[in-house]
>>> print(open('my_file37.txt').read())   # compact mmCIF, C-alpha atoms and all ligand atoms
# COMPACT_ATOMS: atom_id res chain seq x y z
CA MET A 1 -2.64 -20.80 -3.69
CA LYS A 2 -6.41 -20.74 -3.74
CA ARG A 3 -8.07 -17.46 -2.76
CA GLU A 4 -11.63 -16.96 -1.53
CA ILE A 5 -13.74 -13.83 -1.19
CA LYS A 6 -14.76 -12.85 2.36
CA THR A 7 -16.94 -10.02 3.63
CA THR A 8 -15.28 -7.97 6.39
CA GLY A 9 -16.74 -6.11 9.36
CA ASP A 10 -17.52 -2.89 7.48
CA GLY A 11 -19.26 -4.71 4.63
CA SER A 12 -16.37 -4.36 2.16
CA LYS A 13 -14.85 -7.56 0.83
CA THR A 14 -11.35 -9.01 0.90
CA LEU A 15 -9.43 -12.01 -0.38
CA TYR A 16 -8.56 -14.83 1.99
CA ILE A 17 -5.97 -17.61 1.56
CA SER A 18 -7.18 -20.50 3.69
CA GLU A 19 -3.92 -22.48 3.39
CA LEU A 20 -2.16 -19.62 5.17
CA ASN A 21 -5.13 -18.40 7.20
CA GLU A 22 -4.21 -14.92 5.92
CA SER A 23 -6.38 -12.24 4.34
CA TYR A 24 -5.42 -9.26 2.19
CA HIS A 25 -7.05 -6.82 4.63
CA SER A 26 -8.34 -6.65 8.18
CA GLN A 27 -11.34 -8.87 8.82
CA HIS A 28 -12.72 -5.97 10.88
CA GLY A 29 -13.08 -3.84 7.75
CA ALA A 30 -11.01 -3.76 4.58
CA LEU A 31 -12.04 -0.28 3.50
CA GLN A 32 -11.77 1.26 6.96
CA GLU A 33 -8.31 -0.25 7.43
CA ALA A 34 -7.08 1.06 4.06
CA ARG A 35 -8.34 4.56 4.91
CA HIS A 36 -6.97 4.55 8.44
CA VAL A 37 -3.49 3.19 7.73
CA PHE A 38 -2.73 4.57 4.28
CA ILE A 39 -4.82 7.74 3.98
CA ASN A 40 -5.34 9.20 7.48
CA ASN A 41 -1.89 8.04 8.67
CA GLY A 42 -0.26 8.38 5.27
CA PHE A 43 -1.35 10.33 2.24
CA ILE A 44 -2.92 13.29 4.06
CA LEU A 45 0.24 13.81 6.14
CA ILE A 46 2.41 14.56 3.10
CA ASN A 47 2.69 18.21 2.18
CA ASP A 48 4.91 17.98 -0.90
CA TYR A 49 3.25 19.08 -4.15
CA GLU A 50 4.67 16.13 -6.02
CA ILE A 51 4.27 12.85 -4.12
CA ASN A 52 6.07 9.66 -5.11
CA ILE A 53 4.36 6.68 -3.50
CA LEU A 54 5.85 3.19 -3.28
CA GLU A 55 3.47 0.38 -2.37
CA LEU A 56 4.49 -3.15 -1.39
CA GLY A 57 1.73 -5.18 -2.55
CA PHE A 58 -0.77 -3.98 -5.15
CA GLY A 59 -3.08 -6.94 -4.35
CA THR A 60 -6.68 -5.96 -5.02
CA GLY A 61 -5.81 -2.33 -5.83
CA LEU A 62 -7.84 -1.06 -2.87
CA ASN A 63 -5.04 1.21 -1.60
CA VAL A 64 -4.60 2.77 -5.04
CA PHE A 65 -8.36 3.34 -5.18
CA VAL A 66 -8.65 5.04 -1.76
CA THR A 67 -5.59 7.18 -2.56
CA LEU A 68 -7.13 8.25 -5.85
CA ASP A 69 -10.38 9.09 -4.03
CA GLU A 70 -8.47 11.28 -1.55
CA PHE A 71 -6.44 12.88 -4.35
CA LEU A 72 -9.67 13.89 -6.12
CA LYS A 73 -11.09 15.30 -2.86
CA THR A 74 -8.05 17.54 -2.44
CA ASP A 75 -8.86 19.27 -5.75
CA ASN A 76 -5.73 17.95 -7.43
CA ASN A 77 -3.46 19.87 -5.05
CA HIS A 78 -0.76 17.32 -5.80
CA VAL A 79 0.83 15.42 -8.62
CA VAL A 80 1.05 11.75 -7.65
CA HIS A 81 3.40 9.12 -9.05
CA TYR A 82 2.27 5.81 -7.56
CA TYR A 83 4.57 2.78 -7.96
CA THR A 84 3.10 -0.51 -6.80
CA LEU A 85 4.82 -3.89 -6.71
CA GLU A 86 3.10 -7.26 -7.01
CA LYS A 87 4.37 -10.75 -7.73
CA TYR A 88 1.05 -12.62 -7.88
CA PRO A 89 -1.58 -10.49 -9.64
CA VAL A 90 -5.22 -11.05 -8.76
CA SER A 91 -7.50 -12.17 -11.61
CA ALA A 92 -10.10 -9.98 -13.32
CA ALA A 93 -12.83 -12.34 -12.06
CA GLU A 94 -11.69 -11.87 -8.45
CA ILE A 95 -11.58 -8.08 -8.89
CA SER A 96 -15.10 -8.08 -10.23
CA GLU A 97 -16.35 -10.28 -7.36
CA LEU A 98 -14.78 -7.96 -4.76
CA GLY A 99 -17.12 -5.21 -5.97
CA TYR A 100 -14.82 -2.32 -4.97
CA ASP A 101 -16.13 -0.25 -7.86
CA SER A 102 -19.39 0.14 -5.90
CA LEU A 103 -17.70 1.39 -2.71
CA PHE A 104 -17.95 4.97 -3.94
CA PRO A 105 -21.31 6.32 -5.11
CA ASP A 106 -19.71 8.55 -7.77
CA GLN A 107 -20.04 7.04 -11.28
CA LYS A 108 -16.72 8.60 -12.26
CA MET A 109 -14.95 6.43 -9.67
CA LYS A 110 -16.25 3.25 -11.32
CA GLY A 111 -14.53 4.19 -14.57
CA LEU A 112 -11.32 5.10 -12.77
CA PHE A 113 -11.33 1.79 -10.89
CA GLU A 114 -11.55 -0.04 -14.21
CA LYS A 115 -8.67 2.05 -15.50
CA ILE A 116 -6.50 1.08 -12.50
CA HIS A 117 -6.99 -2.60 -13.27
CA ALA A 118 -6.76 -2.26 -17.03
CA ALA A 119 -3.46 -0.37 -16.73
CA GLU A 120 -0.67 -2.29 -18.40
CA TRP A 121 2.07 -3.62 -16.11
CA GLU A 122 5.52 -2.00 -16.24
CA LYS A 123 4.21 1.21 -17.84
CA PRO A 124 3.27 4.55 -16.24
CA VAL A 125 -0.41 5.29 -16.93
CA GLU A 126 -2.18 8.56 -16.14
CA ILE A 127 -5.38 7.39 -14.45
CA THR A 128 -6.73 10.94 -14.17
CA PRO A 129 -4.86 14.24 -14.73
CA GLY A 130 -2.04 14.41 -12.18
CA PHE A 131 -2.35 10.81 -10.92
CA HIS A 132 0.16 8.47 -12.54
CA LEU A 133 0.19 4.76 -11.75
CA THR A 134 2.99 2.30 -12.51
CA LYS A 135 2.21 -1.32 -11.68
CA LEU A 136 5.31 -3.48 -11.55
CA GLN A 137 5.05 -7.25 -11.60
CA CYS A 138 8.10 -8.34 -9.63
CA ASP A 139 9.39 -9.63 -6.34
CA PHE A 140 9.74 -7.09 -3.51
CA PHE A 141 13.45 -7.92 -3.33
CA ASP A 142 13.87 -6.68 -6.92
CA LEU A 143 13.66 -3.20 -5.37
CA GLU A 144 17.41 -3.34 -4.88
CA ASP A 145 18.10 -2.78 -8.59
CA MET A 146 15.04 -0.66 -9.33
CA GLU A 147 15.33 2.93 -10.57
CA LEU A 148 12.76 5.01 -8.72
CA PRO A 149 12.57 8.72 -7.95
CA PRO A 150 13.04 9.52 -4.21
CA VAL A 151 9.96 8.14 -2.50
CA ASN A 152 7.95 10.46 -0.21
CA LEU A 153 5.46 7.87 1.02
CA VAL A 154 5.77 4.10 1.46
CA TYR A 155 2.71 1.88 1.87
CA PHE A 156 4.27 -1.20 3.48
CA ASP A 157 1.37 -3.61 3.02
CA CYS A 158 2.93 -7.07 2.90
CA PHE A 159 1.27 -10.15 4.36
CA GLY A 160 1.97 -10.54 8.05
CA ALA A 161 5.24 -11.75 9.56
CA ARG A 162 3.53 -14.98 10.68
CA VAL A 163 3.27 -16.08 7.03
CA GLN A 164 6.13 -14.14 5.35
CA PRO A 165 8.70 -13.43 8.09
CA ASP A 166 11.44 -12.56 5.55
CA LEU A 167 9.46 -9.49 4.43
CA TRP A 168 9.68 -7.99 7.92
CA GLU A 169 13.44 -8.26 8.32
CA GLU A 170 16.23 -5.75 7.82
CA ARG A 171 17.10 -6.77 4.24
CA LEU A 172 13.83 -5.56 2.69
CA PHE A 173 13.44 -2.53 4.98
CA SER A 174 16.97 -1.50 4.09
CA MET A 175 16.12 -1.55 0.35
CA VAL A 176 12.98 0.48 1.05
CA ALA A 177 14.97 2.94 3.19
CA GLN A 178 17.43 3.50 0.36
CA LYS A 179 14.56 4.51 -1.95
CA THR A 180 12.95 6.82 0.63
CA ALA A 181 13.62 10.57 0.56
CA ALA A 182 14.69 12.39 3.74
CA GLY A 183 11.44 13.53 5.36
CA GLY A 184 9.54 10.66 3.71
CA LEU A 185 6.99 8.57 5.59
CA LEU A 186 6.62 4.79 5.80
CA THR A 187 3.23 3.68 7.05
CA THR A 188 2.20 0.13 7.90
CA TYR A 189 -0.55 -1.69 9.79
CA ALA A 190 2.09 -3.61 11.79
CA SER A 191 3.53 -2.61 15.15
CA LYS A 192 6.02 -5.38 15.93
CA GLY A 193 8.87 -4.31 18.23
CA SER A 194 11.48 -5.89 15.92
CA VAL A 195 10.18 -3.81 12.99
CA ARG A 196 10.33 -0.61 15.05
CA ARG A 197 13.94 -1.38 16.03
CA ILE A 198 14.97 -2.12 12.43
CA LEU A 199 13.43 1.15 11.22
CA GLN A 200 15.18 3.12 13.99
CA LYS A 201 18.47 1.51 13.00
CA LEU A 202 17.81 2.59 9.39
CA ASN A 203 17.46 6.23 10.48
CA PHE A 204 13.68 6.49 10.76
CA GLU A 205 11.90 8.26 13.61
CA VAL A 206 9.27 5.75 14.61
CA GLN A 207 5.86 6.69 16.00
CA LYS A 208 3.32 4.27 17.40
CA LYS A 209 -0.13 5.32 16.22
CA GLN A 210 -3.56 4.05 17.09
CA GLY A 211 -4.35 1.07 14.86
CA PRO A 212 -7.46 0.60 12.75
CA PRO A 213 -10.47 -1.00 14.47
CA GLY A 214 -9.47 -4.42 15.80
CA LYS A 215 -5.78 -3.51 16.13
CA ARG A 216 -4.31 -1.56 19.04
CA GLU A 217 -1.29 -0.01 17.33
CA MET A 218 0.34 0.62 13.96
CA ILE A 219 3.55 2.33 12.83
CA ASN A 220 4.42 5.61 11.16
CA ALA A 221 8.15 5.97 10.47
CA TRP A 222 9.68 9.23 9.19
CA LYS A 223 13.02 9.05 7.38
CA MET A 224 15.46 11.46 8.99
CA LYS A 225 18.15 13.39 7.18
CA ASP A 226 21.44 11.52 6.95
CA ASP A 227 23.70 13.06 9.57
CA TYR A 228 26.74 13.61 7.44
C1 LIG A 301 -1.63 -7.72 2.21
S1 LIG A 301 -1.63 -8.03 0.48
C2 LIG A 301 -1.65 -6.42 -0.24
C3 LIG A 301 -3.01 -5.78 -0.22
C4 LIG A 301 -3.13 -4.63 -1.18
N1 LIG A 301 -2.36 -3.49 -0.80
C5 LIG A 301 -4.57 -4.26 -1.45
O1 LIG A 301 -4.93 -3.07 -1.32
O2 LIG A 301 -5.33 -5.16 -1.79
C6 LIG A 301 0.08 -8.48 0.18
C7 LIG A 301 0.42 -8.63 -1.28
O3 LIG A 301 1.81 -8.94 -1.43
C8 LIG A 301 1.96 -9.84 -2.53
N2 LIG A 301 3.25 -10.55 -2.37
C9 LIG A 301 3.55 -11.53 -1.50
N3 LIG A 301 4.86 -11.86 -1.58
C10 LIG A 301 5.40 -11.05 -2.51
C11 LIG A 301 6.73 -10.90 -3.01
N4 LIG A 301 7.75 -11.62 -2.54
N5 LIG A 301 6.95 -9.95 -3.95
C12 LIG A 301 5.92 -9.21 -4.43
N6 LIG A 301 4.62 -9.32 -4.00
C13 LIG A 301 4.37 -10.22 -3.03
C14 LIG A 301 0.74 -10.72 -2.42
O4 LIG A 301 0.45 -11.36 -3.65
C15 LIG A 301 -0.35 -9.74 -1.99
O5 LIG A 301 -1.00 -9.20 -3.10
>>> encode(input="my_file37.txt", output="structure tokens", more="lines below")
Ligand SMILES: C[S@@+](CC[C@H](N)C(=O)[O-])C[C@H]1O[C@@H](n2cnc3c(N)ncnc32)[C@H](O)[C@@H]1O
Amino acid sequence: MKREIKTTGDGSKTLYISELNESYHSQHGALQEARHVFINNGFILINDYEINILELGFGTGLNVFVTLDEFLKTDNNHVVHYYTLEKYPVSAAEISELGYDSLFPDQKMKGLFEKIHAAEWEKPVEITPGFHLTKLQCDFFDLEDMELPPVNLVYFDCFGARVQPDLWEERLFSMVAQKTAAGGLLTTYASKGSVRRILQKLNFEVQKKQGPPGKREMINAWKMKDDY
């Protein structure tokens, strides 16, 4: 499907699929949404030294980039293993047009951004000491047979239920839950009641959080210990 570049409310750009009327990020601000949902209500809440992150949709790589930025700010207090799944990779021309490499003034970040996109698929690559990225080109439902270490943090960043309802049903959440460590956090921009109920059924403690600008609520869900 054809993708176009759009500028969002905070000046950062996103990709938009007109056939679906769906964009990769919030029209109110791609960068501010990524920071709010995945960093302030995600990465910074995890205290483990070693953090295994699972992302459902690599897309433009913006979430990897903001996570890397936060990782560098925390003086490498963690070792990160970031696994990101994507079925329809974005082209190099689109990545260049999005201009994310100029979102951070630091020259070093430009080089790291290039490294994120140059990283070979299916192979772990150390982007900077302590930050390992594995990009996997596959369908989200391939998770079922995937070997992953217990995941401490899930970035559930699929397109909305209006366009891909099957990604917001129990089957996929159940696969994600099986990969998530007890005490792990799933964060998503969505707040649908059906999603909250599915996550509760799968043994997550669900919290409604304030959404990013333009969205009233979002979800944080903490995986509880199995009670047996
Ligand atoms: C909301 S976008 C992700 C945005 C991304 N996190 C970013 O920072 O740019 C959703 C992504 O899911 C991908 N996708 C859609 N259906 C998929 C499927 N069945 N399996 C794997 N990836 C899929 C899309 O190609 C798109 O890149």
>>> residues_near_ligand(input="my_file37.txt", ligand="ligand LIG 301 (chain A)", cutoff="9 Å", atoms="all atoms listed in the file", output="NGL selection string")
:A and (14-15 or 22-25 or 30 or 34 or 55-66 or 84-90 or 137-142 or 155-160 or 164 or 166-167)
>>> residues_around(input="my_file37.txt", residues="A:Arg197", least_positions_apart="6", cutoff="10 Å", atoms="all atoms listed in the file", output="PyMOL selection string")
chain A and resi 170+204+206
>>> residues_around(input="my_file37.txt", residues="A:Leu31", least_positions_apart="2", cutoff="10 Å", atoms="all atoms listed in the file", output="mmCIF file with C-alpha atoms, in the coordinates of the input")
data_model
loop_
_atom_site.group_PDB
_atom_site.id
_atom_site.type_symbol
_atom_site.label_atom_id
_atom_site.label_comp_id
_atom_site.auth_asym_id
_atom_site.auth_seq_id
_atom_site.Cartn_x
_atom_site.Cartn_y
_atom_site.Cartn_z
ATOM 1 C CA THR A 8 -15.280 -7.970 6.390
ATOM 2 C CA GLY A 9 -16.740 -6.110 9.360
ATOM 3 C CA ASP A 10 -17.520 -2.890 7.480
ATOM 4 C CA GLY A 11 -19.260 -4.710 4.630
ATOM 5 C CA SER A 12 -16.370 -4.360 2.160
ATOM 6 C CA LYS A 13 -14.850 -7.560 0.830
ATOM 7 C CA THR A 14 -11.350 -9.010 0.900
ATOM 8 C CA HIS A 25 -7.050 -6.820 4.630
ATOM 9 C CA SER A 26 -8.340 -6.650 8.180
ATOM 10 C CA HIS A 28 -12.720 -5.970 10.880
ATOM 11 C CA GLY A 29 -13.080 -3.840 7.750
ATOM 12 C CA GLU A 33 -8.310 -0.250 7.430
ATOM 13 C CA ALA A 34 -7.080 1.060 4.060
ATOM 14 C CA ARG A 35 -8.340 4.560 4.910
ATOM 15 C CA HIS A 36 -6.970 4.550 8.440
ATOM 16 C CA LEU A 62 -7.840 -1.060 -2.870
ATOM 17 C CA ASN A 63 -5.040 1.210 -1.600
ATOM 18 C CA VAL A 66 -8.650 5.040 -1.760
ATOM 19 C CA TYR A 100 -14.820 -2.320 -4.970
ATOM 20 C CA LEU A 103 -17.700 1.390 -2.710
#
>>> atom_distance(input="my_file37.txt", atom1="atom CA of A:Met1", atom2="atom CA of A:Lys135")
21.6 Å
>>> residues_around(input="my_file37.txt", residues="A:Thr134", least_positions_apart="5", cutoff="6 Å", atoms="only C-alpha atoms", output="list in words")
Tyr83, Lys123 and Pro124 of chain A
>>> closest_residue(input="my_file37.txt", among="A:Ile46, A:Ile53, A:Val195, A:Met109", to="A:Val154", atoms="all atoms listed in the file")
A:Ile53
>>> atom_distance(input="my_file37.txt", atom1="atom CA of A:Glu50", atom2="atom CA of A:Lys110")
25.1 Å
>>> build_atoms(input="my_file37.txt", residues="stretch 174-204 of chain A", atoms="N, CA and C atoms", output="compact mmCIF listing (two decimals), in the frame of the given file")
# COMPACT_ATOMS: atom_id res chain seq x y z
N SER A 174 15.79 -2.27 4.47
CA SER A 174 16.97 -1.50 4.09
C SER A 174 16.86 -1.06 2.61
N MET A 175 16.33 -1.93 1.77
CA MET A 175 16.12 -1.55 0.35
C MET A 175 15.09 -0.43 0.25
N VAL A 176 14.03 -0.54 1.07
CA VAL A 176 12.98 0.48 1.05
C VAL A 176 13.57 1.81 1.55
N ALA A 177 14.37 1.72 2.61
CA ALA A 177 14.97 2.94 3.19
C ALA A 177 15.83 3.66 2.16
N GLN A 178 16.55 2.88 1.36
CA GLN A 178 17.43 3.50 0.36
C GLN A 178 16.64 4.25 -0.70
N LYS A 179 15.39 3.85 -0.93
CA LYS A 179 14.56 4.51 -1.95
C LYS A 179 13.80 5.70 -1.36
N THR A 180 13.78 5.81 -0.02
CA THR A 180 12.95 6.82 0.63
C THR A 180 13.70 8.15 0.79
N ALA A 181 13.02 9.24 0.43
CA ALA A 181 13.62 10.57 0.56
C ALA A 181 13.69 10.97 2.03
N ALA A 182 14.66 11.83 2.38
CA ALA A 182 14.69 12.39 3.74
C ALA A 182 13.36 13.12 3.94
N GLY A 183 12.74 12.92 5.09
CA GLY A 183 11.44 13.53 5.36
C GLY A 183 10.28 12.66 4.88
N GLY A 184 10.59 11.55 4.21
CA GLY A 184 9.54 10.66 3.71
C GLY A 184 8.93 9.83 4.83
N LEU A 185 7.74 9.32 4.58
CA LEU A 185 6.99 8.57 5.59
C LEU A 185 6.75 7.14 5.14
N LEU A 186 7.01 6.20 6.04
CA LEU A 186 6.62 4.79 5.80
C LEU A 186 5.47 4.49 6.75
N THR A 187 4.37 4.02 6.19
CA THR A 187 3.23 3.68 7.05
C THR A 187 2.88 2.21 6.85
N THR A 188 2.56 1.55 7.97
CA THR A 188 2.20 0.13 7.90
C THR A 188 1.24 -0.22 9.03
N TYR A 189 0.43 -1.25 8.80
CA TYR A 189 -0.55 -1.69 9.79
C TYR A 189 0.14 -2.42 10.96
N ALA A 190 1.41 -2.79 10.78
CA ALA A 190 2.09 -3.61 11.79
C ALA A 190 2.63 -2.75 12.93
N SER A 191 2.95 -3.39 14.04
CA SER A 191 3.53 -2.61 15.15
C SER A 191 4.57 -3.42 15.90
N LYS A 192 5.03 -4.49 15.29
CA LYS A 192 6.02 -5.38 15.93
C LYS A 192 7.24 -4.63 16.45
N GLY A 193 7.69 -4.96 17.65
CA GLY A 193 8.87 -4.31 18.23
C GLY A 193 10.10 -4.47 17.35
N SER A 194 10.27 -5.66 16.74
CA SER A 194 11.48 -5.89 15.92
C SER A 194 11.47 -4.96 14.70
N VAL A 195 10.29 -4.70 14.16
CA VAL A 195 10.18 -3.81 12.99
C VAL A 195 10.53 -2.37 13.41
N ARG A 196 10.02 -1.98 14.57
CA ARG A 196 10.33 -0.61 15.05
C ARG A 196 11.83 -0.45 15.24
N ARG A 197 12.49 -1.48 15.79
CA ARG A 197 13.94 -1.38 16.03
C ARG A 197 14.72 -1.34 14.71
N ILE A 198 14.29 -2.13 13.74
CA ILE A 198 14.97 -2.12 12.43
C ILE A 198 14.85 -0.73 11.80
N LEU A 199 13.64 -0.17 11.85
CA LEU A 199 13.43 1.15 11.22
C LEU A 199 14.26 2.22 11.93
N GLN A 200 14.35 2.14 13.25
CA GLN A 200 15.18 3.12 13.99
C GLN A 200 16.63 3.00 13.56
N LYS A 201 17.09 1.75 13.42
CA LYS A 201 18.47 1.51 13.00
C LYS A 201 18.71 2.09 11.60
N LEU A 202 17.67 2.09 10.77
CA LEU A 202 17.81 2.59 9.39
C LEU A 202 17.53 4.09 9.30
N ASN A 203 17.56 4.76 10.46
CA ASN A 203 17.46 6.23 10.48
C ASN A 203 16.04 6.77 10.28
N PHE A 204 15.06 6.01 10.76
CA PHE A 204 13.68 6.49 10.76
C PHE A 204 13.30 6.89 12.20
